[in-house]
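The structure under discussion appears below in the form of structure tokens.
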Amino acid sequence: IKAHLLKKSELQIINGDDPALRQQGLDFWPDACWTSVKGEKDLLGKRAFGAYIEDGWVIAQSEKILPASSLRMVGEHNLQNLLMAVAAANLAGIDKSAIAQAIAKFPGVAHRLEHIGTWEGIDFINDSKATNYDAAQVGLASVSAPLILIAGGDAKEGDDRAWIDTIKAKAVGVLLIGDAAGIFSDRLKQANYNSWEIVETMERAIPRAAELGKQNHAKVVLLSPACASFDQYQNFEQRGDHFRQLCLETLAQK
């Protein structure tokens with residue numbers, strides 16, 4: 001249905017890094033503006049019409065628009081979103097300096113890989129919206145390693161294997177909170193990952209995360225719970241707000 005709607009659109013802007021869209025490719029959208037975070041070489045269609053990242057710059061319709069580092073949100077998926085937004089604005093005739101200013105001022109979205117602050121070179125990031133294994137795995141994959149992970153809450157069913165594999169690859173410590181702490185510690189032990197602690201609450205997690213982060217030269221402290229919040233909070237927003245508040249209070253004292 002969506003493909004049919006795109007065919008009827010005057011202009012189409014399509015994420016060329018998406019395997020399914022890429023497979024349908026030029027047969028469906030020969031004149032589309034294709035995007036890619038992987039550079040000009042990966043563009044489909046007319047390269048001069050596309051949008052991509054090359055040498056740290058966002059380039060749309062052959063024009064340098066802004067440095068990719070202007071975006072405050074982390075993760076490749078957010079860069080893909082950035083490309084599509086910039087391409088749309090540029091095709092609409094919006095001045096490129098206005099586009100660059102708008103992106104630079106955009107603070108990101110609360111609870112979705114939200115950057116809270118930096119202390120001793122460690123970024124504190126709120127991904128409270130990650131309420132299942134898949135979302136939490138994306139969060140882990142999006143940030144720099146080594147990292148300290150805060151996880152746990154009201155556990156959900158699901159396949160946790162990719163999540164655990166990413167923890168093993170990137171986390172130098174895991175702090176477990178909420179009702180799922182026992183379940184998660186058992187699963188991590190089964191996977192031969194032993195750098196975890198049960199801290200139970202967010203109040204204990206933040207100072208311990210800062211301590212472990214400094215000891216292990218971590219680049220990131222990430223709240224990405226892989227759980228619902230209802231054991232300790234009304235919703236994921238309240239959990240993320242509490243994380244933000246505690247981070248700002250704790251780091252101000254250090």
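Lettering and numbering for the structure tokens are positional, with chains as A, B, ... in the shown order, residues counted from 1 in each chain, and ligands counted from 1 in the shown order.
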Report as JSON lines: every residue of region 39-150 of chain A with an atom at most 12 Å from region 196-200 of chain A, its closest pair of atoms, and their distance in Å to one decimal, counting only C-alpha atoms, with rows sorted by chain and ascending residue number.
```
{"residue": "A:Ile148", "atom": "CA", "partner": "A:Trp196", "partner_atom": "CA", "distance": 9.7}
{"residue": "A:Leu149", "atom": "CA", "partner": "A:Trp196", "partner_atom": "CA", "distance": 9.2}
{"residue": "A:Ile150", "atom": "CA", "partner": "A:Val199", "partner_atom": "CA", "distance": 9.5}
```
Take the residues from that selection and write them out as a JSON list (two decimals), in the first residue's frame, keeping N, CA and C atoms.
```json
[["chain", "number", "residue", "atom", "x", "y", "z"],
["A", 148, "ILE", "N", 28.92, 1.42, 29.96],
["A", 148, "ILE", "CA", 28.24, 0.88, 31.13],
["A", 148, "ILE", "C", 26.75, 0.89, 30.84],
["A", 149, "LEU", "N", 26.09, -0.25, 30.97],
["A", 149, "LEU", "CA", 24.67, -0.37, 30.68],
["A", 149, "LEU", "C", 23.86, -0.45, 31.97],
["A", 150, "ILE", "N", 22.78, 0.32, 32.03],
["A", 150, "ILE", "CA", 21.78, 0.17, 33.09],
["A", 150, "ILE", "C", 20.54, -0.45, 32.46]]
```
| field | Who sits within 8 Å of Gly50 (chain A), only C-alpha atoms, same chain under 4 positions skipped, as a list in words | value | Cys33, Trp34, Thr35, Leu43, Gly45, Lys46, Ala60, Gln61, Ser62 and Ala87 of chain A
| query | Near Gly139 (chain A), within 7 Å and counting only C-alpha atoms, which residues show up once chain neighbours fewer than 5 positions away are dropped, as JSON, numbers by chain? | reply | {"A": [113, 127, 224]}
| said: Can you pull out every residue from region 8-218 of chain A that DSSP, working from the backbone, puts in helix (DSSP H, G or I), and format the result as a ChimeraX atom specification? | reply: /A:8,19-28,40-42,47-49,68-70,76-91,96-105,133-142,161-170,181-190,202-215
| message | Set the distance at 10 Å and use only C-alpha atoms: which residues neighbour His77 (chain A) once local chain neighbours fewer than 3 positions away are removed? I'd like the list as a list in words. | response | Asp17, Val37, Met73, Val74, Gln80, Asn81, Leu82, Leu83, Val138 and Ser142 of chain A
Go ahead and write the residues just picked, C-alpha atoms, as a PDB file, in the first residue's frame.
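The new file result_28.pdb reads:
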```
ATOM      1  CA  ASP A  17      20.302   1.729   3.294  1.00  0.00           C
ATOM      2  CA  VAL A  37      24.851   7.146   5.151  1.00  0.00           C
ATOM      3  CA  MET A  73      21.331  12.369  18.330  1.00  0.00           C
ATOM      4  CA  VAL A  74      23.476   9.234  18.157  1.00  0.00           C
ATOM      5  CA  GLN A  80      19.364   8.115   8.035  1.00  0.00           C
ATOM      6  CA  ASN A  81      16.453  10.185   9.342  1.00  0.00           C
ATOM      7  CA  LEU A  82      18.624  13.299   9.100  1.00  0.00           C
ATOM      8  CA  LEU A  83      19.404  12.650   5.440  1.00  0.00           C
ATOM      9  CA  VAL A 138      19.502  -0.961  18.699  1.00  0.00           C
ATOM     10  CA  SER A 142      24.091   3.023  18.346  1.00  0.00           C
TER      11      SER A 142
END
```
List as JSON lines every residue of region 86-192 of chain A that is in contact with region 229-238 of chain A, defined as an atom at most 8 Å from one of its atoms (using only C-alpha atoms), together with the nearest atom pair and the distance in Å rounded to one decimal, sorted by chain and then rising number.
```
{"residue": "A:His111", "atom": "CA", "partner": "A:Glu237", "partner_atom": "CA", "distance": 6.8}
{"residue": "A:Ser128", "atom": "CA", "partner": "A:Phe236", "partner_atom": "CA", "distance": 5.7}
{"residue": "A:Lys129", "atom": "CA", "partner": "A:Phe236", "partner_atom": "CA", "distance": 5.9}
{"residue": "A:Thr131", "atom": "CA", "partner": "A:Ser229", "partner_atom": "CA", "distance": 7.7}
{"residue": "A:Gly153", "atom": "CA", "partner": "A:Ser229", "partner_atom": "CA", "distance": 5.4}
{"residue": "A:Asp154", "atom": "CA", "partner": "A:Asp231", "partner_atom": "CA", "distance": 5.4}
{"residue": "A:Gly178", "atom": "CA", "partner": "A:Asp231", "partner_atom": "CA", "distance": 6.6}
{"residue": "A:Asp179", "atom": "CA", "partner": "A:Asp231", "partner_atom": "CA", "distance": 6.5}
```
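Comparing the minimum interatomic distances between Ile177 (chain A) and each of A:Gln190, A:Thr201, A:Ser195, A:Asn78, counting only C-alpha atoms, we find that A:Thr201 sits nearest.
Proximity to Gly75 (chain A) was assessed for A:Val143, A:Ala171, A:Met202, A:Ala151 counting only C-alpha atoms; the smallest distance is recorded for A:Val143.
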| request: Counting only C-alpha atoms, figure out which residue out of A:Trp29, A:Gly213, A:Ile125, A:Ala20 gets nearest to His4 (chain A). | output: A:Trp29
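With only C-alpha atoms taken into account, the protein and nucleic acid residues at most 8 Å from Lys38 (chain A) (excluding it and anything under 5 positions from it in its own chain) are Asp17, Tyr52, Ile53 and Glu54 of chain A.
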Writing out the chosen residues with C-alpha atoms as a PDB file, in the first residue's frame:
```pdb
ATOM      1  CA  ASP A  17      20.302   1.729   3.294  1.00  0.00           C
ATOM      2  CA  TYR A  52      24.388  11.100   1.417  1.00  0.00           C
ATOM      3  CA  ILE A  53      27.181  11.496   3.944  1.00  0.00           C
ATOM      4  CA  GLU A  54      30.714  11.841   2.605  1.00  0.00           C
TER       5      GLU A  54
END
```
| field | Nearby residues (only C-alpha atoms) at most 8 Å from Leu147 (chain A), same-chain spacing under 4 positions excluded, as number ranges by chain | value | A: 170-173, 213, 218-222
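Across the model, the gap from CA of Ala51 (chain A) to CA of Ser144 (chain A) is 25.1 Å.
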| task | Could you please write out, as a PyMOL selection string, every residue of region 30-247 of chain A that DSSP assigns to strand (DSSP E)? | result | chain A and resi 33-36+51-54+57-60+63-67+114-119+122-126+147-152+171-177+196-200+220-223
Take the residues from that selection and write them out as a PDB file, in the first residue's frame, keeping C-alpha atoms.
```pdb
ATOM      1  CA  CYS A  33      15.894  10.903  -4.355  1.00  0.00           C
ATOM      2  CA  TRP A  34      17.799   8.047  -2.724  1.00  0.00           C
ATOM      3  CA  THR A  35      19.767   8.484   0.496  1.00  0.00           C
ATOM      4  CA  SER A  36      22.677   6.633   2.100  1.00  0.00           C
ATOM      5  CA  ALA A  51      21.510  12.763  -0.397  1.00  0.00           C
ATOM      6  CA  TYR A  52      24.388  11.100   1.417  1.00  0.00           C
ATOM      7  CA  ILE A  53      27.181  11.496   3.944  1.00  0.00           C
ATOM      8  CA  GLU A  54      30.714  11.841   2.605  1.00  0.00           C
ATOM      9  CA  TRP A  57      29.374  16.137   5.473  1.00  0.00           C
ATOM     10  CA  VAL A  58      25.701  15.856   4.617  1.00  0.00           C
ATOM     11  CA  ILE A  59      25.434  16.393   0.864  1.00  0.00           C
ATOM     12  CA  ALA A  60      22.073  16.811  -0.865  1.00  0.00           C
ATOM     13  CA  GLU A  63      25.480  20.622  -2.315  1.00  0.00           C
ATOM     14  CA  LYS A  64      27.264  20.513   1.037  1.00  0.00           C
ATOM     15  CA  ILE A  65      24.573  21.302   3.597  1.00  0.00           C
ATOM     16  CA  LEU A  66      26.064  20.778   7.075  1.00  0.00           C
ATOM     17  CA  PRO A  67      28.528  18.609   9.021  1.00  0.00           C
ATOM     18  CA  GLU A 114      18.759  11.429  24.635  1.00  0.00           C
ATOM     19  CA  HIS A 115      22.147  12.896  25.557  1.00  0.00           C
ATOM     20  CA  ILE A 116      21.961  14.147  29.153  1.00  0.00           C
ATOM     21  CA  GLY A 117      25.497  15.353  29.750  1.00  0.00           C
ATOM     22  CA  THR A 118      29.195  14.517  29.741  1.00  0.00           C
ATOM     23  CA  TRP A 119      31.400  13.944  32.776  1.00  0.00           C
ATOM     24  CA  ILE A 122      31.709   9.857  29.599  1.00  0.00           C
ATOM     25  CA  ASP A 123      28.410  10.576  27.845  1.00  0.00           C
ATOM     26  CA  PHE A 124      25.252   9.815  29.853  1.00  0.00           C
ATOM     27  CA  ILE A 125      22.435   8.743  27.524  1.00  0.00           C
ATOM     28  CA  ASN A 126      18.759   8.160  28.279  1.00  0.00           C
ATOM     29  CA  LEU A 147      30.046   1.383  27.839  1.00  0.00           C
ATOM     30  CA  ILE A 148      28.241   0.875  31.135  1.00  0.00           C
ATOM     31  CA  LEU A 149      24.670  -0.367  30.681  1.00  0.00           C
ATOM     32  CA  ILE A 150      21.778   0.169  33.090  1.00  0.00           C
ATOM     33  CA  ALA A 151      19.034  -2.361  32.358  1.00  0.00           C
ATOM     34  CA  GLY A 152      16.024  -3.945  34.005  1.00  0.00           C
ATOM     35  CA  ALA A 171      29.626  -3.368  27.725  1.00  0.00           C
ATOM     36  CA  VAL A 172      32.360  -3.387  30.359  1.00  0.00           C
ATOM     37  CA  GLY A 173      29.715  -3.381  33.064  1.00  0.00           C
ATOM     38  CA  VAL A 174      25.970  -3.939  33.463  1.00  0.00           C
ATOM     39  CA  LEU A 175      23.960  -2.553  36.375  1.00  0.00           C
ATOM     40  CA  LEU A 176      20.613  -4.279  36.906  1.00  0.00           C
ATOM     41  CA  ILE A 177      17.533  -2.644  38.401  1.00  0.00           C
ATOM     42  CA  TRP A 196      27.157  -7.361  36.098  1.00  0.00           C
ATOM     43  CA  GLU A 197      25.841  -6.114  39.439  1.00  0.00           C
ATOM     44  CA  ILE A 198      22.352  -5.970  40.905  1.00  0.00           C
ATOM     45  CA  VAL A 199      21.855  -2.429  42.229  1.00  0.00           C
ATOM     46  CA  GLU A 200      18.030  -2.566  42.351  1.00  0.00           C
ATOM     47  CA  VAL A 220      29.089   6.003  27.586  1.00  0.00           C
ATOM     48  CA  VAL A 221      26.705   5.280  30.451  1.00  0.00           C
ATOM     49  CA  LEU A 222      23.516   4.078  28.785  1.00  0.00           C
ATOM     50  CA  LEU A 223      20.080   3.585  30.301  1.00  0.00           C
TER      51      LEU A 223
END
```
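Here CA of Asp31 (chain A) and CA of Phe49 (chain A) stand 8.8 Å from one another.
Each of A:Ala32, A:Ala88, A:Glu249, A:Ile103 was checked against Leu6 (chain A) using only C-alpha atoms; the smallest atom-to-atom distance is that of A:Ala32.
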